[in-house]
$ cat my_file-v4.txt   # compact mmCIF, C-alpha atoms and all ligand atoms
# COMPACT_ATOMS: atom_id res chain seq x y z
CA MET A 11 49.49 -71.53 -154.06
CA ARG A 12 46.11 -71.34 -152.35
CA LYS A 13 45.25 -67.83 -153.52
CA TYR A 14 42.42 -67.35 -151.02
CA LEU A 15 44.99 -67.29 -148.21
CA TYR A 16 46.07 -63.82 -149.35
CA SER A 17 42.72 -62.38 -148.29
CA ILE A 18 43.12 -63.48 -144.65
CA ALA A 19 44.20 -60.78 -142.21
CA SER A 20 46.91 -62.54 -140.18
CA TYR A 21 46.69 -62.48 -136.40
CA LYS A 22 48.71 -59.62 -134.95
CA PRO A 23 49.86 -60.52 -131.44
CA GLY A 24 50.46 -58.00 -128.66
CA LYS A 25 53.89 -56.42 -129.06
CA PRO A 26 56.56 -58.56 -127.36
CA VAL A 27 58.49 -56.97 -124.47
CA GLU A 28 61.84 -57.70 -126.18
CA GLU A 29 60.77 -55.90 -129.37
CA LEU A 30 59.87 -52.70 -127.52
CA GLN A 31 63.08 -52.95 -125.49
CA ARG A 32 65.06 -53.00 -128.75
CA GLU A 33 63.06 -50.12 -130.21
CA LEU A 34 63.22 -47.82 -127.19
CA GLY A 35 66.54 -48.95 -125.74
CA ILE A 36 64.98 -49.16 -122.26
CA SER A 37 64.73 -52.26 -120.12
CA ARG A 38 61.70 -51.53 -117.92
CA ILE A 39 58.79 -52.42 -120.14
CA VAL A 40 55.26 -52.99 -118.82
CA LYS A 41 53.25 -55.41 -120.95
CA LEU A 42 49.51 -55.42 -120.31
CA ALA A 43 48.51 -56.55 -123.80
CA SER A 44 48.15 -60.33 -124.02
CA ASN A 45 46.22 -61.40 -120.91
CA GLU A 46 49.18 -63.27 -119.51
CA ASN A 47 49.85 -63.92 -115.83
CA PRO A 48 52.20 -61.02 -115.02
CA PHE A 49 54.18 -63.09 -112.48
CA PRO A 50 56.73 -65.83 -113.20
CA PRO A 51 55.56 -69.43 -112.73
CA SER A 52 55.97 -71.11 -109.31
CA PRO A 53 59.44 -72.02 -107.98
CA LEU A 54 58.50 -75.72 -108.34
CA VAL A 55 57.63 -75.18 -112.02
CA ARG A 56 60.94 -73.44 -112.64
CA ARG A 57 62.90 -76.18 -110.84
CA ARG A 58 61.17 -78.95 -112.79
CA ILE A 59 61.82 -77.08 -116.06
CA CYS A 60 65.55 -77.03 -115.30
CA GLU A 61 65.52 -80.77 -114.54
CA ALA A 62 63.52 -81.50 -117.70
CA ALA A 63 66.07 -79.57 -119.77
CA ASN A 64 68.50 -82.46 -119.22
CA ARG A 65 66.23 -84.77 -121.18
CA ILE A 66 65.37 -82.72 -124.25
CA ASN A 67 67.60 -84.81 -126.49
CA ARG A 68 64.60 -87.20 -126.49
CA TYR A 69 61.24 -86.70 -128.18
CA PRO A 70 58.38 -85.90 -125.81
CA GLU A 71 55.74 -88.47 -124.91
CA SER A 72 53.12 -88.09 -127.61
CA SER A 73 50.41 -89.29 -125.23
CA VAL A 74 51.24 -86.66 -122.57
CA PHE A 75 50.95 -89.59 -120.19
CA TYR A 76 51.39 -88.13 -116.69
CA LEU A 77 49.52 -84.89 -117.24
CA ARG A 78 46.68 -86.80 -118.90
CA LYS A 79 46.35 -89.05 -115.82
CA ARG A 80 46.47 -86.05 -113.54
CA LEU A 81 43.79 -84.07 -115.39
CA ALA A 82 41.57 -87.14 -115.73
CA ALA A 83 41.69 -87.61 -111.94
CA GLU A 84 41.29 -83.91 -111.19
CA PHE A 85 38.22 -83.46 -113.39
CA SER A 86 36.82 -87.03 -113.09
CA VAL A 87 36.86 -87.72 -116.82
CA ASP A 88 38.10 -90.71 -118.77
CA GLU A 89 41.73 -90.41 -119.94
CA ASN A 90 40.54 -90.95 -123.51
CA GLU A 91 38.35 -87.89 -123.31
CA ILE A 92 41.30 -85.48 -123.18
CA ILE A 93 43.40 -83.95 -125.97
CA PHE A 94 46.43 -81.68 -125.73
CA GLY A 95 47.46 -78.79 -127.93
CA ASN A 96 50.43 -76.55 -128.53
CA GLY A 97 48.45 -73.92 -126.65
CA SER A 98 44.67 -74.15 -126.70
CA ASP A 99 44.89 -72.23 -130.00
CA GLU A 100 45.86 -75.48 -131.64
CA LEU A 101 42.72 -77.23 -130.41
CA ILE A 102 40.67 -74.66 -132.32
CA VAL A 103 42.54 -75.62 -135.48
CA PHE A 104 42.06 -79.35 -134.75
CA ALA A 105 38.30 -78.84 -134.35
CA VAL A 106 37.98 -76.95 -137.64
CA ARG A 107 40.11 -79.51 -139.50
CA SER A 108 38.48 -82.62 -138.16
CA LEU A 109 34.82 -81.75 -137.54
CA VAL A 110 33.97 -79.56 -140.51
CA SER A 111 34.09 -80.32 -144.26
CA PRO A 112 34.26 -77.96 -147.24
CA GLY A 113 30.76 -76.57 -147.83
CA ASP A 114 29.89 -76.72 -144.12
CA GLU A 115 29.73 -73.58 -142.06
CA ILE A 116 30.99 -72.38 -138.68
CA LEU A 117 29.29 -69.82 -136.44
CA THR A 118 30.70 -67.57 -133.76
CA ALA A 119 30.11 -64.07 -132.38
CA ILE A 120 31.66 -60.71 -133.12
CA PRO A 121 33.72 -59.32 -131.43
CA THR A 122 35.41 -62.43 -130.09
CA PHE A 123 38.70 -64.31 -130.20
CA LEU A 124 40.07 -63.78 -133.71
CA ILE A 125 41.58 -67.24 -134.16
CA TYR A 126 38.14 -68.83 -134.81
CA LYS A 127 37.82 -66.78 -137.98
CA ILE A 128 41.43 -67.17 -139.06
CA ALA A 129 41.49 -70.95 -138.48
CA SER A 130 38.23 -71.36 -140.44
CA MET A 131 39.38 -69.21 -143.33
CA VAL A 132 42.74 -70.98 -143.54
CA GLU A 133 40.85 -74.26 -143.97
CA GLY A 134 38.62 -72.68 -146.61
CA ILE A 135 35.53 -73.02 -144.41
CA SER A 136 33.01 -70.19 -144.27
CA ILE A 137 32.34 -68.64 -140.88
CA ARG A 138 29.43 -66.38 -139.94
CA GLU A 139 29.89 -63.92 -137.11
CA ILE A 140 26.73 -63.10 -135.18
CA PRO A 141 26.79 -59.67 -133.49
CA MET A 142 26.90 -59.61 -129.71
CA LYS A 143 24.15 -58.05 -127.68
CA ASP A 144 25.38 -55.56 -125.08
CA PHE A 145 28.92 -56.88 -125.53
CA LYS A 146 27.85 -60.44 -124.73
CA TYR A 147 27.39 -63.60 -126.87
CA ASP A 148 23.78 -63.57 -128.07
CA LEU A 149 23.10 -67.30 -127.88
CA LYS A 150 19.47 -66.92 -129.02
CA ALA A 151 20.60 -65.10 -132.18
CA ILE A 152 23.29 -67.72 -132.79
CA ALA A 153 20.76 -70.55 -132.39
CA SER A 154 18.43 -68.79 -134.87
CA ALA A 155 21.30 -68.40 -137.34
CA VAL A 156 22.00 -72.15 -137.43
CA SER A 157 21.41 -73.54 -140.94
CA SER A 158 21.57 -77.05 -142.35
CA ASN A 159 25.23 -76.34 -143.20
CA THR A 160 26.21 -75.34 -139.66
CA LYS A 161 28.52 -77.95 -138.13
CA LEU A 162 30.50 -76.10 -135.46
CA ILE A 163 29.92 -73.15 -133.13
CA PHE A 164 32.74 -71.43 -131.25
CA ILE A 165 31.88 -69.80 -127.94
CA ALA A 166 34.60 -68.04 -125.97
CA ASN A 167 33.41 -68.27 -122.39
CA PRO A 168 34.39 -65.92 -120.90
CA ASP A 169 34.87 -63.89 -124.05
CA ASN A 170 38.00 -62.14 -125.18
CA PRO A 171 37.98 -59.12 -125.67
CA THR A 172 34.74 -58.17 -123.87
CA GLY A 173 35.32 -60.10 -120.62
CA SER A 174 31.62 -61.11 -120.51
CA TYR A 175 30.26 -64.63 -120.05
CA VAL A 176 27.18 -66.67 -120.86
CA ASN A 177 25.58 -68.33 -117.86
CA LYS A 178 24.34 -71.82 -117.10
CA SER A 179 20.68 -71.32 -117.98
CA GLU A 180 21.54 -69.50 -121.23
CA VAL A 181 23.91 -72.29 -122.24
CA GLU A 182 21.42 -75.03 -121.38
CA SER A 183 18.57 -73.54 -123.43
CA PHE A 184 21.03 -72.93 -126.25
CA LEU A 185 22.26 -76.53 -126.32
CA ALA A 186 18.71 -77.84 -126.14
CA SER A 187 17.73 -75.76 -129.18
CA LEU A 188 20.48 -77.05 -131.50
CA PRO A 189 20.15 -79.78 -134.13
CA SER A 190 21.85 -83.02 -133.07
CA ASP A 191 24.66 -82.80 -135.65
CA VAL A 192 26.11 -79.47 -134.52
CA PHE A 193 29.26 -79.36 -132.37
CA VAL A 194 29.72 -76.63 -129.78
CA PHE A 195 33.27 -75.65 -128.81
CA PHE A 196 33.45 -73.84 -125.46
CA ASP A 197 36.76 -72.03 -125.30
CA GLU A 198 37.42 -71.62 -121.58
CA ALA A 199 40.89 -70.07 -121.70
CA TYR A 200 39.90 -67.79 -118.77
CA PHE A 201 37.91 -70.43 -116.87
CA GLU A 202 39.98 -70.14 -113.67
CA PHE A 203 39.05 -66.46 -113.36
CA ALA A 204 35.31 -67.01 -113.84
CA ARG A 205 34.63 -70.35 -112.15
CA GLU A 206 33.49 -68.78 -108.89
CA MET A 207 30.46 -67.13 -110.54
CA ASP A 208 27.33 -68.77 -109.09
CA ASP A 209 25.73 -69.27 -112.49
CA TRP A 210 28.86 -70.51 -114.27
CA PRO A 211 27.95 -73.33 -116.70
CA ASP A 212 29.54 -76.67 -115.84
CA THR A 213 30.43 -77.52 -119.45
CA LEU A 214 32.36 -80.62 -118.40
CA SER A 215 29.05 -82.13 -117.33
CA TYR A 216 27.93 -81.91 -120.99
CA VAL A 217 31.04 -83.82 -122.03
CA LYS A 218 30.25 -86.44 -119.40
CA GLU A 219 26.69 -86.66 -120.78
CA LYS A 220 28.33 -87.52 -124.16
CA ARG A 221 26.95 -84.46 -125.92
CA ASN A 222 28.47 -82.80 -129.01
CA VAL A 223 30.55 -80.50 -126.87
CA ILE A 224 34.27 -79.72 -126.78
CA VAL A 225 35.73 -77.75 -123.85
CA SER A 226 39.19 -76.21 -124.14
CA ARG A 227 41.36 -74.78 -121.40
CA THR A 228 44.94 -73.58 -121.14
CA PHE A 229 48.02 -73.31 -118.95
CA SER A 230 48.80 -69.95 -120.61
CA LYS A 231 46.71 -67.60 -118.50
CA TYR A 232 46.12 -68.50 -114.84
CA TYR A 233 49.17 -70.79 -114.64
CA GLY A 234 51.52 -68.39 -116.41
CA LEU A 235 52.96 -70.84 -118.96
CA ALA A 236 52.08 -68.89 -122.13
CA GLY A 237 55.63 -69.15 -123.45
CA LEU A 238 55.64 -72.95 -123.27
CA ARG A 239 52.43 -73.44 -125.30
CA ILE A 240 50.23 -76.06 -123.68
CA GLY A 241 46.47 -76.31 -123.66
CA TYR A 242 44.01 -79.16 -123.16
CA GLY A 243 40.53 -80.07 -124.22
CA PHE A 244 37.75 -82.41 -123.13
CA ALA A 245 35.22 -84.16 -125.37
CA ARG A 246 33.52 -87.49 -125.96
CA ARG A 247 35.97 -90.20 -127.00
CA ASP A 248 34.95 -90.37 -130.68
CA ILE A 249 35.37 -86.59 -130.98
CA ILE A 250 38.82 -86.75 -129.36
CA ASP A 251 39.79 -89.66 -131.63
CA ILE A 252 38.95 -87.73 -134.80
CA MET A 253 40.65 -84.57 -133.53
CA ASN A 254 43.77 -86.64 -132.80
CA LYS A 255 43.93 -87.62 -136.49
CA VAL A 256 45.00 -84.07 -137.39
CA ARG A 257 47.37 -83.64 -134.45
CA GLU A 258 51.08 -83.89 -135.07
CA PRO A 259 52.56 -86.64 -132.87
CA PHE A 260 54.89 -84.38 -130.86
CA ASN A 261 52.82 -81.21 -130.69
CA VAL A 262 53.38 -80.69 -126.95
CA ASN A 263 57.03 -80.48 -125.93
CA SER A 264 58.43 -82.32 -122.93
CA ILE A 265 59.25 -79.20 -120.91
CA ALA A 266 55.68 -77.94 -121.29
CA GLN A 267 54.32 -81.32 -120.12
CA THR A 268 56.54 -81.30 -117.02
CA ALA A 269 55.85 -77.64 -116.24
CA ALA A 270 52.07 -78.05 -116.52
CA LEU A 271 52.14 -80.96 -114.08
CA ALA A 272 54.27 -78.95 -111.66
CA ALA A 273 51.87 -76.00 -112.01
CA LEU A 274 49.00 -78.24 -110.87
CA ASP A 275 51.20 -79.20 -107.91
CA SER A 276 51.63 -75.52 -107.01
CA LYS A 277 48.02 -74.66 -106.20
CA GLN A 278 48.88 -72.53 -103.15
CA TYR A 279 51.30 -70.39 -105.12
CA TYR A 280 48.71 -69.67 -107.81
CA GLU A 281 45.99 -68.99 -105.25
CA LYS A 282 48.26 -66.40 -103.68
CA LEU A 283 48.79 -64.76 -107.07
CA TYR A 284 45.04 -64.87 -107.65
CA ARG A 285 44.42 -62.88 -104.47
CA VAL A 286 46.92 -60.24 -105.63
CA PHE A 287 45.23 -60.22 -109.04
CA LYS A 288 41.79 -59.59 -107.51
CA LYS A 289 43.08 -56.68 -105.48
CA GLU A 290 44.81 -55.20 -108.50
CA LYS A 291 41.76 -55.59 -110.71
CA ARG A 292 39.74 -53.68 -108.13
CA PHE A 293 42.44 -51.00 -108.06
CA LEU A 294 42.24 -50.54 -111.85
CA GLU A 295 38.42 -50.54 -111.84
CA ASN A 296 38.22 -48.00 -109.01
CA THR A 297 40.80 -45.77 -110.67
CA PHE A 298 38.96 -45.87 -114.01
CA ARG A 299 35.76 -44.88 -112.16
CA LYS A 300 37.52 -41.97 -110.49
CA LEU A 301 38.92 -40.84 -113.83
CA ARG A 302 35.47 -41.28 -115.44
CA VAL A 303 36.94 -43.72 -117.94
CA GLU A 304 34.32 -46.22 -119.10
CA PHE A 305 35.06 -49.95 -118.92
CA LEU A 306 33.05 -53.16 -119.26
CA PRO A 307 32.36 -55.55 -116.37
CA SER A 308 34.76 -58.47 -116.78
CA VAL A 309 35.08 -61.94 -115.24
CA THR A 310 38.59 -62.30 -116.68
CA ASN A 311 42.09 -60.96 -116.04
CA PHE A 312 41.63 -58.05 -118.44
CA LEU A 313 39.39 -55.02 -118.92
CA LEU A 314 37.97 -53.56 -122.12
CA VAL A 315 38.24 -49.80 -121.72
CA LYS A 316 36.54 -47.12 -123.82
CA ILE A 317 38.91 -44.29 -124.60
CA GLY A 318 37.21 -42.62 -127.58
CA ASN A 319 38.45 -41.32 -130.90
CA ASN A 320 41.99 -40.85 -129.69
CA ALA A 321 42.48 -44.45 -128.46
CA SER A 322 45.08 -45.14 -131.14
CA ASP A 323 47.12 -42.05 -130.19
CA LEU A 324 46.91 -43.04 -126.54
CA VAL A 325 48.22 -46.55 -127.29
CA GLU A 326 51.12 -45.07 -129.29
CA ALA A 327 51.93 -42.53 -126.56
CA LEU A 328 51.92 -45.28 -123.91
CA LEU A 329 54.22 -47.39 -126.10
CA LYS A 330 56.74 -44.55 -126.22
CA ARG A 331 56.68 -44.65 -122.42
CA GLY A 332 57.36 -48.40 -122.41
CA ILE A 333 53.77 -49.50 -121.70
CA ILE A 334 52.08 -52.01 -124.01
CA VAL A 335 48.27 -52.22 -124.04
CA ARG A 336 46.13 -53.55 -126.89
CA HIS A 337 44.30 -51.28 -129.30
CA MET A 338 41.03 -52.92 -130.35
CA LYS A 339 41.07 -51.80 -133.99
CA ALA A 340 41.58 -55.35 -135.32
CA TRP A 341 38.34 -56.29 -133.50
CA GLY A 342 36.46 -53.41 -135.20
CA MET A 343 36.40 -51.39 -131.95
CA PRO A 344 38.83 -48.52 -132.60
CA GLU A 345 37.59 -46.51 -129.60
CA PHE A 346 38.60 -49.24 -127.15
CA ILE A 347 41.76 -50.57 -125.58
CA ARG A 348 42.21 -53.83 -123.67
CA VAL A 349 44.29 -53.80 -120.53
CA THR A 350 45.51 -56.93 -118.75
CA VAL A 351 45.76 -56.72 -114.96
CA GLY A 352 49.49 -56.58 -114.26
CA GLN A 353 51.74 -56.62 -111.21
CA PRO A 354 51.01 -53.86 -108.63
CA GLY A 355 53.94 -51.68 -109.76
CA GLU A 356 53.05 -52.15 -113.44
CA ASN A 357 49.42 -51.14 -112.90
CA ARG A 358 50.49 -48.01 -111.04
CA ARG A 359 52.95 -47.05 -113.76
CA PHE A 360 50.22 -47.52 -116.39
CA ILE A 361 47.75 -45.41 -114.39
CA LYS A 362 50.32 -42.67 -113.83
CA GLU A 363 50.95 -42.39 -117.59
CA LEU A 364 47.25 -42.70 -118.41
CA LYS A 365 46.40 -39.82 -116.08
CA ARG A 366 49.13 -37.69 -117.65
CA LEU A 367 47.91 -38.46 -121.18
CA LEU A 368 44.22 -37.94 -120.42
CA LYS A 369 44.88 -34.45 -119.09
C1 LIG B 1 39.62 -66.75 -125.74
C2 LIG B 1 40.99 -67.30 -125.96
N1 LIG B 1 41.12 -68.57 -126.34
C3 LIG B 1 42.31 -69.13 -126.53
C4 LIG B 1 43.47 -68.39 -126.36
C5 LIG B 1 44.77 -69.06 -126.69
O1 LIG B 1 45.52 -69.35 -125.63
P1 LIG B 1 46.69 -70.40 -125.71
O2 LIG B 1 46.87 -70.83 -127.14
O3 LIG B 1 47.88 -69.70 -125.21
O4 LIG B 1 46.25 -71.55 -124.86
C6 LIG B 1 43.40 -67.07 -125.96
C7 LIG B 1 44.63 -66.27 -125.80
O5 LIG B 1 44.65 -65.08 -125.79
C8 LIG B 1 42.12 -66.50 -125.76
O6 LIG B 1 41.99 -65.23 -125.41

$ encode --input "my_file-v4.txt" --output "structure tokens" --more "lines below"
Ligand SMILES: Cc1ncc(COP(=O)(O)O)c(C=O)c1O
Amino acid sequence: MRKYLYSIASYKPGKPVEELQRELGISRIVKLASNENPFPPSPLVRRRICEAANRINRYPESSVFYLRKRLAAEFSVDENEIIFGNGSDELIVFAVRSLVSPGDEILTAIPTFLIYKIASMVEGISIREIPMKDFKYDLKAIASAVSSNTKLIFIANPDNPTGSYVNKSEVESFLASLPSDVFVFFDEAYFEFAREMDDWPDTLSYVKEKRNVIVSRTFSKYYGLAGLRIGYGFARRDIIDIMNKVREPFNVNSIAQTAALAALDSKQYYEKLYRVFKKEKRFLENTFRKLRVEFLPSVTNFLLVKIGNNASDLVEALLKRGIIVRHMKAWGMPEFIRVTVGQPGENRRFIKELKRLLK
């Protein structure tokens, strides 16, 4: 056995709806804990999934042929500059496995997405976590922390759990300050929610300039396909080729491939959901303000909310009422909870219980 694996704190996902249903014996559960799209995928996606079910006696296309063509056209990149993962989580693992060797080092921030640390530790690679500044990636501090062993830097942009982002000029000075043999992985799982910011960094342009940059995105959040597990990444061809060496041939199932393509064909449906989301996010923000509950500005579909010393009790009390939010203890922020923007009725039920519990 690899004994060092025992020391790794395994990732603890948000409680599944079905689990709480079993525990409480009630059917109406509100889950605002995993930054998912709270609405079902588009009717077209659901129809195509049913059709694709007839063909699952066959292995999926390892090349993800049709979706690859579609994304290449949509983002004007070469088809060979795209890689697919069983969720974008898997692309993080591919990067650690293929770009970093034992003795090298990885950098990221703290608090950020926990999988960077877990994936590095599982591979036996050391990772240094550079503290954020005002709940935001401190790119200057990360650049100063780069050593001759540093080979890979993970940047969640926007970040989970803070909801903050690093802007174009910050990213450009950062990239310019790095040694030429360091790879930067921009994890853009929440890209669709942040892309309208005026100073959003166009990271794909760095890929097109053939820099040491990997950009990952996902169908799990905006497109509501979290249960199917499909994410994609862009990078220079030689980077994609080496990442593909550690990819299992059938890592993306055929239903996920079909559903993702149909999701891209359902733009209007998702734009409609996005408008609802924006309204609902404003509703939650305004209500928190009225209740004098502190929260961080966020360019994502979730809010990091400061509750105080009793955050853990609040999360437990909400759970008993069938409402799942995320306590931030695993991120070293025990006074905070993270709340995903849900459907209108779900947000109101959460607020009603929150008001009752805060009294
Ligand atoms: C920052 C970030 N990256 C990646 C992921 C993984 O998403 P998926 O594997 O579903 O694509 C998440 C999910 O919560 C996330 O918050």

$ atom_distance --input "my_file-v4.txt" --atom1 "CA of Leu294 in chain A" --atom2 "CA of Arg38 in chain A"
20.4 Å

$ closest_residue --input "my_file-v4.txt" --among "A:Glu46, A:Asp275, A:Glu182, A:Asp323" --to "ligand LIG 1 (chain B)" --atoms "only C-alpha atoms and all ligand atoms"
A:Glu46

$ residues_near_point --input "my_file-v4.txt" --point "(43.0, -79.5, -123.8)" --cutoff "10 Å" --atoms "all atoms listed in the file" --output "MDAnalysis selection string"
chainID A and resid 78 81 91:101 197:199 224:229 240:245

$ atom_distance --input "my_file-v4.txt" --atom1 "CA of Met131 in chain A" --atom2 "CA of Thr310 in chain A"
27.5 Å

$ closest_residue --input "my_file-v4.txt" --among "A:Pro112, A:Gly342, A:Pro168, A:Pro354" --to "ligand LIG 1 (chain B)" --atoms "only C-alpha atoms and all ligand atoms"
A:Pro168
